[in-house]
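S.K.: For reference, the file work.pdb (PDB, C-alpha atoms and all ligand atoms) is included below:
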ATOM      1  CA  MET I   8      56.387  39.563   9.866  1.00  0.00           C
ATOM      2  CA  PRO I   9      54.744  40.408   6.537  1.00  0.00           C
ATOM      3  CA  THR I  10      56.788  39.300   3.542  1.00  0.00           C
ATOM      4  CA  PHE I  11      57.683  41.840   0.887  1.00  0.00           C
ATOM      5  CA  HIS I  12      55.381  39.945  -1.454  1.00  0.00           C
ATOM      6  CA  GLN I  13      52.471  40.562   0.953  1.00  0.00           C
ATOM      7  CA  LEU I  14      53.353  44.252   1.291  1.00  0.00           C
ATOM      8  CA  LYS I  15      53.578  44.593  -2.481  1.00  0.00           C
ATOM      9  CA  LYS I  16      50.224  42.864  -3.037  1.00  0.00           C
ATOM     10  CA  ARG I  17      48.499  45.021  -0.417  1.00  0.00           C
ATOM     11  CA  PHE I  18      49.981  48.142  -2.037  1.00  0.00           C
ATOM     12  CA  LEU I  19      48.996  47.149  -5.589  1.00  0.00           C
ATOM     13  CA  ASP I  20      45.464  46.260  -4.418  1.00  0.00           C
ATOM     14  CA  SER I  21      45.130  49.518  -2.475  1.00  0.00           C
ATOM     15  CA  GLY I  22      45.217  51.925  -5.394  1.00  0.00           C
ATOM     16  CA  TYR I  23      47.756  54.113  -3.620  1.00  0.00           C
ATOM     17  CA  GLU I  24      50.444  55.897  -5.602  1.00  0.00           C
ATOM     18  CA  VAL I  25      53.857  57.009  -4.404  1.00  0.00           C
ATOM     19  CA  ARG I  26      54.727  60.671  -4.777  1.00  0.00           C
ATOM     20  CA  LEU I  27      57.975  62.475  -4.030  1.00  0.00           C
ATOM     21  CA  ILE I  28      57.222  65.671  -2.183  1.00  0.00           C
ATOM     22  CA  ALA I  29      59.352  68.640  -1.147  1.00  0.00           C
ATOM     23  CA  PRO I  30      60.229  68.358   2.567  1.00  0.00           C
ATOM     24  CA  ARG I  31      58.502  71.604   3.523  1.00  0.00           C
ATOM     25  CA  GLU I  32      55.291  70.578   1.762  1.00  0.00           C
ATOM     26  CA  LEU I  33      55.413  67.159   3.426  1.00  0.00           C
ATOM     27  CA  GLU I  34      55.727  68.821   6.843  1.00  0.00           C
ATOM     28  CA  ARG I  35      52.619  70.870   6.078  1.00  0.00           C
ATOM     29  CA  LEU I  36      50.700  67.778   4.934  1.00  0.00           C
ATOM     30  CA  ALA I  37      51.771  65.859   8.044  1.00  0.00           C
ATOM     31  CA  LEU I  38      49.866  68.339  10.210  1.00  0.00           C
ATOM     32  CA  ASP I  39      46.569  67.139   8.671  1.00  0.00           C
ATOM     33  CA  ALA I  40      47.414  63.436   8.434  1.00  0.00           C
ATOM     34  CA  PRO I  41      45.438  60.980  10.563  1.00  0.00           C
ATOM     35  CA  LEU I  42      48.330  58.513  10.753  1.00  0.00           C
ATOM     36  CA  GLU I  43      51.677  59.039  12.358  1.00  0.00           C
ATOM     37  CA  ALA I  44      54.320  60.350   9.980  1.00  0.00           C
ATOM     38  CA  LYS I  45      57.716  58.688   9.819  1.00  0.00           C
ATOM     39  CA  ARG I  46      60.220  61.134  11.185  1.00  0.00           C
ATOM     40  CA  HIS I  47      63.968  61.181  11.107  1.00  0.00           C
ATOM     41  CA  MET I  48      65.775  61.529  14.422  1.00  0.00           C
ATOM     42  CA  SER I  49      66.217  65.188  13.440  1.00  0.00           C
ATOM     43  CA  GLY I  50      62.405  65.475  13.484  1.00  0.00           C
ATOM     44  CA  ASP I  51      62.011  65.874   9.715  1.00  0.00           C
ATOM     45  CA  VAL I  52      59.116  64.012   8.107  1.00  0.00           C
ATOM     46  CA  LEU I  53      60.430  61.312   5.748  1.00  0.00           C
ATOM     47  CA  GLY I  54      57.229  59.556   4.735  1.00  0.00           C
ATOM     48  CA  LEU I  55      53.506  59.952   5.126  1.00  0.00           C
ATOM     49  CA  ILE I  56      50.349  58.061   4.177  1.00  0.00           C
ATOM     50  CA  MET I  57      47.541  60.313   2.964  1.00  0.00           C
ATOM     51  CA  PRO I  58      44.405  58.145   2.846  1.00  0.00           C
ATOM     52  CA  ASP I  59      42.138  60.863   1.438  1.00  0.00           C
ATOM     53  CA  ALA I  60      44.338  61.263  -1.644  1.00  0.00           C
ATOM     54  CA  TYR I  61      45.493  57.636  -1.871  1.00  0.00           C
ATOM     55  CA  VAL I  62      49.053  58.926  -1.835  1.00  0.00           C
ATOM     56  CA  ILE I  63      52.146  57.764  -0.002  1.00  0.00           C
ATOM     57  CA  GLY I  64      54.352  60.839   0.192  1.00  0.00           C
ATOM     58  CA  LEU I  65      58.113  60.504   0.472  1.00  0.00           C
ATOM     59  CA  ALA I  66      60.426  63.398   1.256  1.00  0.00           C
ATOM     60  CA  ARG I  67      62.270  64.187  -1.945  1.00  0.00           C
ATOM     61  CA  ASN I  68      65.543  64.963  -0.179  1.00  0.00           C
ATOM     62  CA  GLN I  69      66.424  61.314   0.506  1.00  0.00           C
ATOM     63  CA  ASN I  70      68.661  59.177  -1.683  1.00  0.00           C
ATOM     64  CA  THR I  71      67.242  56.130  -3.451  1.00  0.00           C
ATOM     65  CA  ASP I  72      68.102  53.684  -0.664  1.00  0.00           C
ATOM     66  CA  GLU I  73      66.574  55.958   1.958  1.00  0.00           C
ATOM     67  CA  ARG I  74      63.410  56.451  -0.103  1.00  0.00           C
ATOM     68  CA  ALA I  75      63.117  52.695  -0.606  1.00  0.00           C
ATOM     69  CA  GLU I  76      63.468  52.065   3.122  1.00  0.00           C
ATOM     70  CA  THR I  77      60.962  54.790   3.983  1.00  0.00           C
ATOM     71  CA  LEU I  78      58.546  53.300   1.467  1.00  0.00           C
ATOM     72  CA  VAL I  79      58.877  49.840   3.050  1.00  0.00           C
ATOM     73  CA  HIS I  80      58.103  51.484   6.393  1.00  0.00           C
ATOM     74  CA  GLU I  81      54.960  53.107   4.982  1.00  0.00           C
ATOM     75  CA  LEU I  82      53.919  49.888   3.211  1.00  0.00           C
ATOM     76  CA  ILE I  83      54.025  48.114   6.572  1.00  0.00           C
ATOM     77  CA  HIS I  84      51.732  50.817   8.005  1.00  0.00           C
ATOM     78  CA  LEU I  85      49.436  50.304   5.026  1.00  0.00           C
ATOM     79  CA  TYR I  86      49.488  46.545   5.614  1.00  0.00           C
ATOM     80  CA  ASP I  87      48.552  46.854   9.272  1.00  0.00           C
ATOM     81  CA  GLU I  88      47.380  50.281  10.388  1.00  0.00           C
ATOM     82  CA  SER I  89      47.175  49.216  14.015  1.00  0.00           C
ATOM     83  CA  MET I  90      50.847  48.266  14.329  1.00  0.00           C
ATOM     84  CA  GLU I  91      52.928  50.173  16.858  1.00  0.00           C
ATOM     85  CA  GLU I  92      55.579  52.496  15.458  1.00  0.00           C
ATOM     86  CA  GLU I  93      58.407  50.610  17.187  1.00  0.00           C
ATOM     87  CA  THR I  94      57.248  47.353  15.641  1.00  0.00           C
ATOM     88  CA  VAL I  95      57.042  48.985  12.237  1.00  0.00           C
ATOM     89  CA  GLU I  96      60.611  50.258  12.639  1.00  0.00           C
ATOM     90  CA  ALA I  97      61.907  46.811  13.565  1.00  0.00           C
ATOM     91  CA  LEU I  98      60.003  45.068  10.773  1.00  0.00           C
ATOM     92  CA  THR I  99      61.223  47.642   8.250  1.00  0.00           C
ATOM     93  CA  GLU I 100      64.813  46.619   8.943  1.00  0.00           C
ATOM     94  CA  GLU I 101      63.955  42.929   8.632  1.00  0.00           C
ATOM     95  CA  VAL I 102      62.032  43.365   5.394  1.00  0.00           C
ATOM     96  CA  VAL I 103      64.753  45.564   3.852  1.00  0.00           C
ATOM     97  CA  ALA I 104      67.372  42.956   4.786  1.00  0.00           C
ATOM     98  CA  SER I 105      65.272  40.249   3.118  1.00  0.00           C
ATOM     99  CA  LEU I 106      64.742  42.003  -0.243  1.00  0.00           C
ATOM    100  CA  SER I 107      65.666  40.121  -3.399  1.00  0.00           C
ATOM    101  CA  ASP I 108      67.204  41.975  -6.342  1.00  0.00           C
ATOM    102  CA  ASN I 109      63.803  41.959  -8.036  1.00  0.00           C
ATOM    103  CA  ASP I 110      62.077  43.339  -4.944  1.00  0.00           C
ATOM    104  CA  TYR I 111      64.637  46.100  -4.738  1.00  0.00           C
ATOM    105  CA  ARG I 112      64.205  46.980  -8.415  1.00  0.00           C
ATOM    106  CA  PHE I 113      60.448  47.205  -7.898  1.00  0.00           C
ATOM    107  CA  LEU I 114      60.980  49.612  -5.005  1.00  0.00           C
ATOM    108  CA  GLN I 115      63.501  51.645  -6.985  1.00  0.00           C
ATOM    109  CA  LEU I 116      60.965  52.138  -9.779  1.00  0.00           C
ATOM    110  CA  LEU I 117      58.376  53.382  -7.296  1.00  0.00           C
ATOM    111  CA  VAL I 118      60.699  55.899  -5.662  1.00  0.00           C
ATOM    112  CA  ALA I 119      62.478  57.115  -8.816  1.00  0.00           C
TER     113      ALA I 119
HETATM  114 ZN    ZN I 201      55.852  54.995  10.998  1.00  0.00          ZN
END
Using structure tokens, write down the structure from this file.
M.R.:
Amino acid sequence: MPTFHQLKKRFLDSGYEVRLIAPRELERLALDAPLEAKRHMSGDVLGLIMPDAYVIGLARNQNTDERAETLVHELIHLYDESMEEETVEALTEEVVASLSDNDYRFLQLLVA
């Protein structure tokens, strides 16, 4: 699995920025997105990579931990665009469980 360090480096090299977006707006953007959006079991879009704008959108109506986890999920997509969604889900849990305090603080800053 990619380490958090690898995900972070890929993200910092990519030029992408993280943006918190109102859920309804994110749903609208997801319709045009080339990549699969991360959806909650309820069907709501939680996160989305928008390559044209170099933006990773996160639904604003998640708490900090949820935003951080959704961001890890999207960073894994960014790291390997060909990865299957199920694999991304499984790796997200592993990466989140492996985060150091510093890693977590870095994520918190991005999703604040
Ligand atoms: Zn996904």
S.K.: Once the PyMOL selection byres (((chain I and resi 14-31) around 8) and not hetatm) has been applied to the shown file, what residues remain in the selection, as a list in words?
M.R.: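 What the PyMOL selection byres (((chain I and resi 14-31) around 8) and not hetatm) grabs from the file is Pro9, Thr10, Phe11, His12, Gln13, Glu32, Leu33, Glu34, Arg35, Asp51, Val52, Leu53, Tyr61, Val62, Ile63, Gly64, Leu65, Ala66, Arg67, Asn68, Leu82, Ile83, Leu85, Tyr86, Leu117 and Val118 of chain I.
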S.K.: Write as a list in words the residues around ligand ZN 201 (chain I), taking 9 Å as the cut-off and counting only C-alpha atoms and all ligand atoms.
M.R.: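 Those residues are Leu42, Glu43, Ala44, Lys45, Arg46, Gly54, Leu55, Thr77, His80, Glu81, Ile83, His84, Glu91, Glu92, Glu93, Val95 and Glu96 of chain I.
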S.K.: In Å, with one decimal, what is the gap from CA of Ala119 in chain I to CA of Ser107 in chain I?
M.R.: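 That distance, rounded to one decimal, is 18.1 Å.
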S.K.: Can you work out the spacing between CA of Asn109 in chain I and CA of Thr94 in chain I in Å, to one decimal?
M.R.: 25.2 Å
S.K.: With a distance cut-off of 8 Å and only C-alpha atoms, select the neighbouring residues of Ala75 in chain I, excluding the residue or stretch itself and same-chain residues fewer than 5 positions from it, and output the selection as a PDB file with C-alpha atoms, keeping the file's coordinate frame.
M.R.:
ATOM      1  CA  TYR I 111      64.637  46.100  -4.738  1.00  0.00           C
ATOM      2  CA  LEU I 114      60.980  49.612  -5.005  1.00  0.00           C
ATOM      3  CA  GLN I 115      63.501  51.645  -6.985  1.00  0.00           C
ATOM      4  CA  VAL I 118      60.699  55.899  -5.662  1.00  0.00           C
TER       5      VAL I 118
END
S.K.: Calculate, to one decimal in Å, the centre and edge lengths of the box along x, y and z of the file that holds all listed atoms of range 19-38 of chain I with 8 Å of margin on each side, and present them as AutoDock Vina command-line options.
M.R.:
--center_x 52.7 --center_y 58.9 --center_z 2.3 --size_x 31.1 --size_y 41.3 --size_z 31.8
